[in-house]
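Student: First the structure, then my questions, so here it is.
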Amino acid sequence: MKVSCMQANLARGLSVVGRAVATRSTLPVLSNILLSTEESRLKLSATNLEIGINCWIPAKVEREGATTIPARLLSDFVNSLSGEKVDMELIARTQTLHVRCDRSEANIKGIDAQEYPLILVPDEDEPIRIGTDELQQMIDRVAFAAATDESRPVLTGVQAELGPESFTFAAADSYRLSVSSMPLDRGPETQMSVIIPARALQELRRISSDEDSVEVRVAGNRNQIFFHLDSVDLVSQLVEGSFPDYKQIIPQSHNTRTVVSTGEFLKAVRIAAIFARDSANICQIHVAPNGTAGYGRLIVSATSQEHGDNVSELDARVEGPPIDIAFNARYLQEALGVIDTAEVALETRDPTNPGVIRPVGGGDFTHIIMPMQVAR
Amino acid sequence: MNRQIVHVDLDAFFASVECLLNPSLVGKPLLVGGAPGGRGVVSAASYEARARGVRSAMPMAQALRLCPEAVRVPPRHGTYGHYSRAVMALLAEYTPVVEQVSIDEAFLDLSGTEGLHGPAEDVARAIQGRVQAEHGLPCSLGVATNKLVAKIACSQGKPRGLVVVPPGGEAAFLAPLSIESLWGVGEATGKRLRALGIDTVGDLASWTEASLRSLFGEAGTQLFRAAHGIDESPVSPDRERRSYSHERTFASDESDVAHVRRTILAMSDDLAAQLRRDGTVAQTVRLKLRSRDFTTYTRQVRLEHPTDVADEICSAATALLEENWDRRSLRLVGVGVTDLLGHGGIQLSMFDEGVQRQRRLSQALDGIRARYGHEAITRASLAGNHSGGEDDLEDEP
């Protein structure tokens, strides 16, 4: 293999695939990146067997070939280079990659490309096409609510329901649930549901910034999902199992509906979080109508057992009786952080039933947070 | 204005409870503690056994050599806790200022209650009578103007004693006592003091503060004040608990993973029950291991959400065990919880499963135990291995 490319392109490509590199694997080759030539492009690939990413960068190929090179070493080296053009040549007999850029050069020992698992991307069936902006917004609204601990694997995923005219994402970690839907121009003819690892969607979010749309293919027989972008493919294993019936968790009614400025609410919760740090993140919410029909205030407070307390007061539109309810400040912050409307509604029934957060006048998005039990 | 401090101490508490529950033991030398075969130690000894030289914390084997005809019973901590709470509730009728020091000891500050209950000495006598009459337990009391003197007075009167030290008489009361009767004078300090010719508190009181400071540093001031019967520490009723812990010394060095895990589960059960009883939750779980060569190490982990559920405490402690135990035989294992949140903070879950379900189950078990006793119900995996078993379990205050 003998190939040349621009340092900036190579650095970008390595960072795109870098997150799919296995960090702790029993298979040494998985901590490497696969470099292979494809017509006039250099293909970079990495997989941790859960997700795999292929990325193509423009290159001048003098001699076809492939090898795998330790990811950290190659990325760190390429990122440190200051020249414009990088020349690479594989010494096949020793599996050593000779890299030269400007006046720097290096010999990096690799592992034979034959040992690297294949990342297969089907292109036979018609893909579902989703606008990148919409997809990114859906990922932002939902993926953060997925569980990070593996005790219930289905909860580490995002339930994706793709239908002829719309698609829905839902994620829950037992303490909160995020559900959002958007219209789909050309969805699948029949409704399908899969559970996509939240981490795969977050990677997709990270690497899909420059594209207009993303092609999605589901290979049910292989239990995989494929996202195709202009110069990047992302493949992910699907999570097996069935997602809990989240629809029955979404409260059908509420006693009190409180509408406040999203920005002010978020700011008040951020301040409360500072004081809640050593008290299990307990953020107390007190909603009180003020006598004038439809108006009132929302008070956010937190108490540090050792160091003091904090109270912030917000003007609110309140329908219903007063309520005191406590939430984990981090959950509130994360939910309010992805609401992009000027106002947000908090719907509550009582201190032990879930609170529902919705944007006011924008999008089909519902976020549910379970309260915390506190002594009063 | 002099304070009126009373120190109450239940006499040979565990042994007294055992006699109460089994009157045939009354008058016999009785030892509460683990079996002599292993490392059992004496948790409590009746006065009949003490007369033969048996002391608390003495190895059971040694105690039985001193007193071969003694009856040994394994401890029942849940039962003692029940009696302890009843006595503490009785004390609280006389003043809200009650500081419970341990399961069988408390200080009361009666200052200002004379108008209501009469002189402190009368209150002390009434308490002694009521604890005996209503709960069947003997106790000793000391009355003085501060905690230091009240406690020493109480210990001088044991058992069934009532010793009153009048205001101004503190130094005279302490003078003839051996220096080891003072707080903070242990074996090491005692030896140094005796080497200086100081045998009694009175001897110590003849030294100046400056010379004691030059010999003992900061502790010298404490010794000087103690020798003169000066103690201004308040009786703190809301002395807040900062942690709960249990530890167990194995009957023989333990290397059986399954047994260590069961021990951790039993202790987690007890800790969780204490948390629920006190209406608090904990966010940090601690594991203490001591290997055969006495190397002791403690590891802790902060939980994502605070808890009062045994399974969560147990799984955190077990994970710490997996990460930190080098599989050398263990002499002792301990589990503790800290970062307590008295005002709650349980994160509710949307699926009625896992932790939430266990909490409801635990609450139901608490109810059964409150009605039928601690041993009425237990986990199958712990059956025949309850916390009052043959190993030596200790509660730390």
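Within each chain, counting starts at residue 1; across the structure tokens, chains are named A, B, ... in the order shown, with ligands numbered 1 upward in that order.
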At a cut-off of 9 Å, using only C-alpha atoms, what residues contact Gly342 of chain B? Leave out same-chain residues fewer than 5 positions from it and give the result as a ChimeraX atom specification.

Tutor: /A:305,375 /B:278-282

Student: Any chance you could export the current selection's N, CA, C and O atoms as an mmCIF file, in the first residue's frame?

Tutor:
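The resulting file, again.cif, is reproduced below:
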data_model
loop_
_atom_site.group_PDB
_atom_site.id
_atom_site.type_symbol
_atom_site.label_atom_id
_atom_site.label_comp_id
_atom_site.auth_asym_id
_atom_site.auth_seq_id
_atom_site.Cartn_x
_atom_site.Cartn_y
_atom_site.Cartn_z
ATOM 1 N N GLN A 305 -27.138 20.332 53.494
ATOM 2 C CA GLN A 305 -27.250 20.117 54.935
ATOM 3 C C GLN A 305 -26.159 20.845 55.698
ATOM 4 O O GLN A 305 -26.367 21.283 56.804
ATOM 5 N N ALA A 375 -38.640 14.319 53.038
ATOM 6 C CA ALA A 375 -39.405 14.643 54.238
ATOM 7 C C ALA A 375 -39.687 16.140 54.215
ATOM 8 O O ALA A 375 -38.856 16.912 53.765
ATOM 9 N N ASP B 278 -34.776 4.888 61.202
ATOM 10 C CA ASP B 278 -34.440 6.266 61.536
ATOM 11 C C ASP B 278 -34.887 7.251 60.459
ATOM 12 O O ASP B 278 -34.586 8.437 60.536
ATOM 13 N N GLY B 279 -35.544 6.733 59.429
ATOM 14 C CA GLY B 279 -36.079 7.610 58.389
ATOM 15 C C GLY B 279 -35.001 8.356 57.635
ATOM 16 O O GLY B 279 -35.149 9.517 57.278
ATOM 17 N N THR B 280 -33.888 7.684 57.390
ATOM 18 C CA THR B 280 -32.817 8.354 56.667
ATOM 19 C C THR B 280 -32.359 7.465 55.511
ATOM 20 O O THR B 280 -32.743 6.306 55.426
ATOM 21 N N VAL B 281 -31.598 8.047 54.601
ATOM 22 C CA VAL B 281 -31.054 7.277 53.489
ATOM 23 C C VAL B 281 -29.563 7.587 53.386
ATOM 24 O O VAL B 281 -29.113 8.638 53.835
ATOM 25 N N ALA B 282 -28.818 6.678 52.787
ATOM 26 C CA ALA B 282 -27.368 6.844 52.723
ATOM 27 C C ALA B 282 -26.910 6.813 51.281
ATOM 28 O O ALA B 282 -27.477 6.104 50.449
#

Student: Write out, as CSV, each residue of chain B that has an atom at most 9 Å from chain A, together with the closest pair of atoms and their distance in Å to one decimal, counting only C-alpha atoms, rows going by chain and rising number.

Tutor:
residue,atom,partner,partner_atom,distance
B:Gly279,CA,A:Ala375,CA,8.8
B:Gln283,CA,A:Ala280,CA,7.5
B:Glu304,CA,A:Ala280,CA,8.4
B:His305,CA,A:Ala280,CA,6.7
B:Pro306,CA,A:Ala280,CA,6.6
B:Asp339,CA,A:Asp278,CA,8.3
B:Leu340,CA,A:Ser279,CA,8.7
B:Leu341,CA,A:Ser279,CA,6.5
B:Gly342,CA,A:Ala375,CA,8.1
B:His343,CA,A:Ala375,CA,4.9
B:Gly344,CA,A:Val374,CA,4.5
B:Gly345,CA,A:Val374,CA,5.2
B:Ile346,CA,A:Gln373,CA,5.1
B:Gln347,CA,A:Met372,CA,4.4
B:Leu348,CA,A:Met372,CA,5.6
B:Ser349,CA,A:Tyr175,CA,5.0
B:Met350,CA,A:Ser174,CA,5.4
B:Phe351,CA,A:Ser174,CA,6.2

Student: Could you check how far atom CA of Leu287 of chain B sits from atom CA of Gln356 of chain B, in Å to one decimal?

Tutor: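 The value is 24.0 Å.
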
Student: Of the candidates A:Arg12, A:Arg317, A:His367, A:Arg222, which shows the shortest atom-to-atom distance to Pro58 of chain A, using only C-alpha atoms?

Tutor: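 Distance minimum relative to Pro58 of chain A lands on A:Arg12.
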
Student: Considering only C-alpha atoms, state which residue in the set B:Val17, B:Leu321, B:Leu215, B:Ala210 is at the smallest distance from Val257 of chain B.

Tutor: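 Distance minimum relative to Val257 of chain B lands on B:Leu321.
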
Student: Quick one: DSSP alpha helix (DSSP H) residues in segment 61-219 of chain B, as a PyMOL selection string?

Tutor: chain B and resi 61-66+77-91+114-117+120-135+147-157+170-174+187-195+201-205+209-216+218-219

Student: When you look at Arg50 of chain B with a cut-off of 12 Å (counting only C-alpha atoms), what residues show up, excluding the ones that are within fewer than 3 positions of it in the same chain? I need them as a tab-separated table (two decimals) with N, CA and C atoms, in the first residue's frame.

Tutor:
chain	number	residue	atom	x	y	z
B	11	ASP	N	-27.28	-1.83	83.78
B	11	ASP	CA	-26.29	-2.76	84.33
B	11	ASP	C	-26.25	-4.05	83.52
B	12	ALA	N	-25.04	-4.44	83.11
B	12	ALA	CA	-24.84	-5.70	82.37
B	12	ALA	C	-25.99	-5.92	81.38
B	15	ALA	N	-26.86	-9.13	79.36
B	15	ALA	CA	-27.08	-10.24	80.29
B	15	ALA	C	-28.40	-10.05	81.03
B	28	LYS	N	-27.29	-16.76	88.01
B	28	LYS	CA	-26.19	-17.59	87.52
B	28	LYS	C	-25.16	-16.73	86.80
B	29	PRO	N	-23.92	-17.20	86.79
B	29	PRO	CA	-22.93	-16.48	85.97
B	29	PRO	C	-23.30	-16.66	84.50
B	30	LEU	N	-23.49	-15.54	83.81
B	30	LEU	CA	-24.00	-15.60	82.45
B	30	LEU	C	-23.07	-14.83	81.52
B	31	LEU	N	-22.76	-15.44	80.38
B	31	LEU	CA	-21.89	-14.78	79.40
B	31	LEU	C	-22.66	-14.65	78.09
B	42	VAL	N	-16.57	-11.92	74.79
B	42	VAL	CA	-17.67	-11.65	75.71
B	42	VAL	C	-18.25	-10.28	75.37
B	44	ALA	N	-21.14	-9.26	76.89
B	44	ALA	CA	-21.64	-8.82	78.20
B	44	ALA	C	-21.53	-9.99	79.17
B	45	ALA	N	-21.30	-9.65	80.45
B	45	ALA	CA	-21.21	-10.68	81.48
B	45	ALA	C	-22.05	-10.24	82.67
B	46	SER	N	-22.76	-11.18	83.28
B	46	SER	CA	-23.55	-10.82	84.46
B	46	SER	C	-22.58	-10.54	85.61
B	47	TYR	N	-23.10	-9.91	86.67
B	47	TYR	CA	-22.21	-9.55	87.77
B	47	TYR	C	-21.66	-10.80	88.46
B	53	GLY	N	-13.83	-12.45	87.61
B	53	GLY	CA	-12.74	-11.83	86.83
B	53	GLY	C	-13.04	-11.71	85.35
B	54	VAL	N	-14.25	-12.11	84.96
B	54	VAL	CA	-14.60	-11.99	83.54
B	54	VAL	C	-14.88	-10.52	83.20
B	55	ARG	N	-14.40	-10.08	82.04
B	55	ARG	CA	-14.63	-8.71	81.61
B	55	ARG	C	-15.17	-8.70	80.18
B	56	SER	N	-15.85	-7.65	79.81
B	56	SER	CA	-16.32	-7.50	78.43
B	56	SER	C	-15.13	-7.50	77.48
B	58	MET	N	-13.38	-9.82	76.55
B	58	MET	CA	-12.41	-10.89	76.83
B	58	MET	C	-12.74	-12.07	75.90
B	63	ALA	N	-12.77	-16.52	79.26
B	63	ALA	CA	-13.84	-16.28	80.22
B	63	ALA	C	-14.33	-17.60	80.80
B	64	LEU	N	-14.44	-18.62	79.95
B	64	LEU	CA	-14.95	-19.91	80.42
B	64	LEU	C	-13.92	-20.65	81.27
B	66	LEU	N	-12.00	-18.99	83.39
B	66	LEU	CA	-12.14	-18.32	84.67
B	66	LEU	C	-13.40	-18.76	85.39
B	67	CYS	N	-14.42	-19.09	84.58
B	67	CYS	CA	-15.73	-19.35	85.17
B	67	CYS	C	-16.37	-20.50	84.40
B	70	ALA	N	-20.20	-21.11	83.90
B	70	ALA	CA	-21.03	-20.03	83.34
B	70	ALA	C	-21.90	-20.56	82.20
B	158	LYS	N	-22.10	1.18	90.47
B	158	LYS	CA	-22.60	-0.03	89.82
B	158	LYS	C	-22.43	-1.28	90.68
B	159	PRO	N	-23.32	-2.26	90.64
B	159	PRO	CA	-24.62	-2.17	89.97
B	159	PRO	C	-25.70	-1.59	90.87

Student: What gap, in Å, lies between atom CA of Arg270 of chain A and atom CA of Glu134 of chain A?

Tutor: 27.4 Å
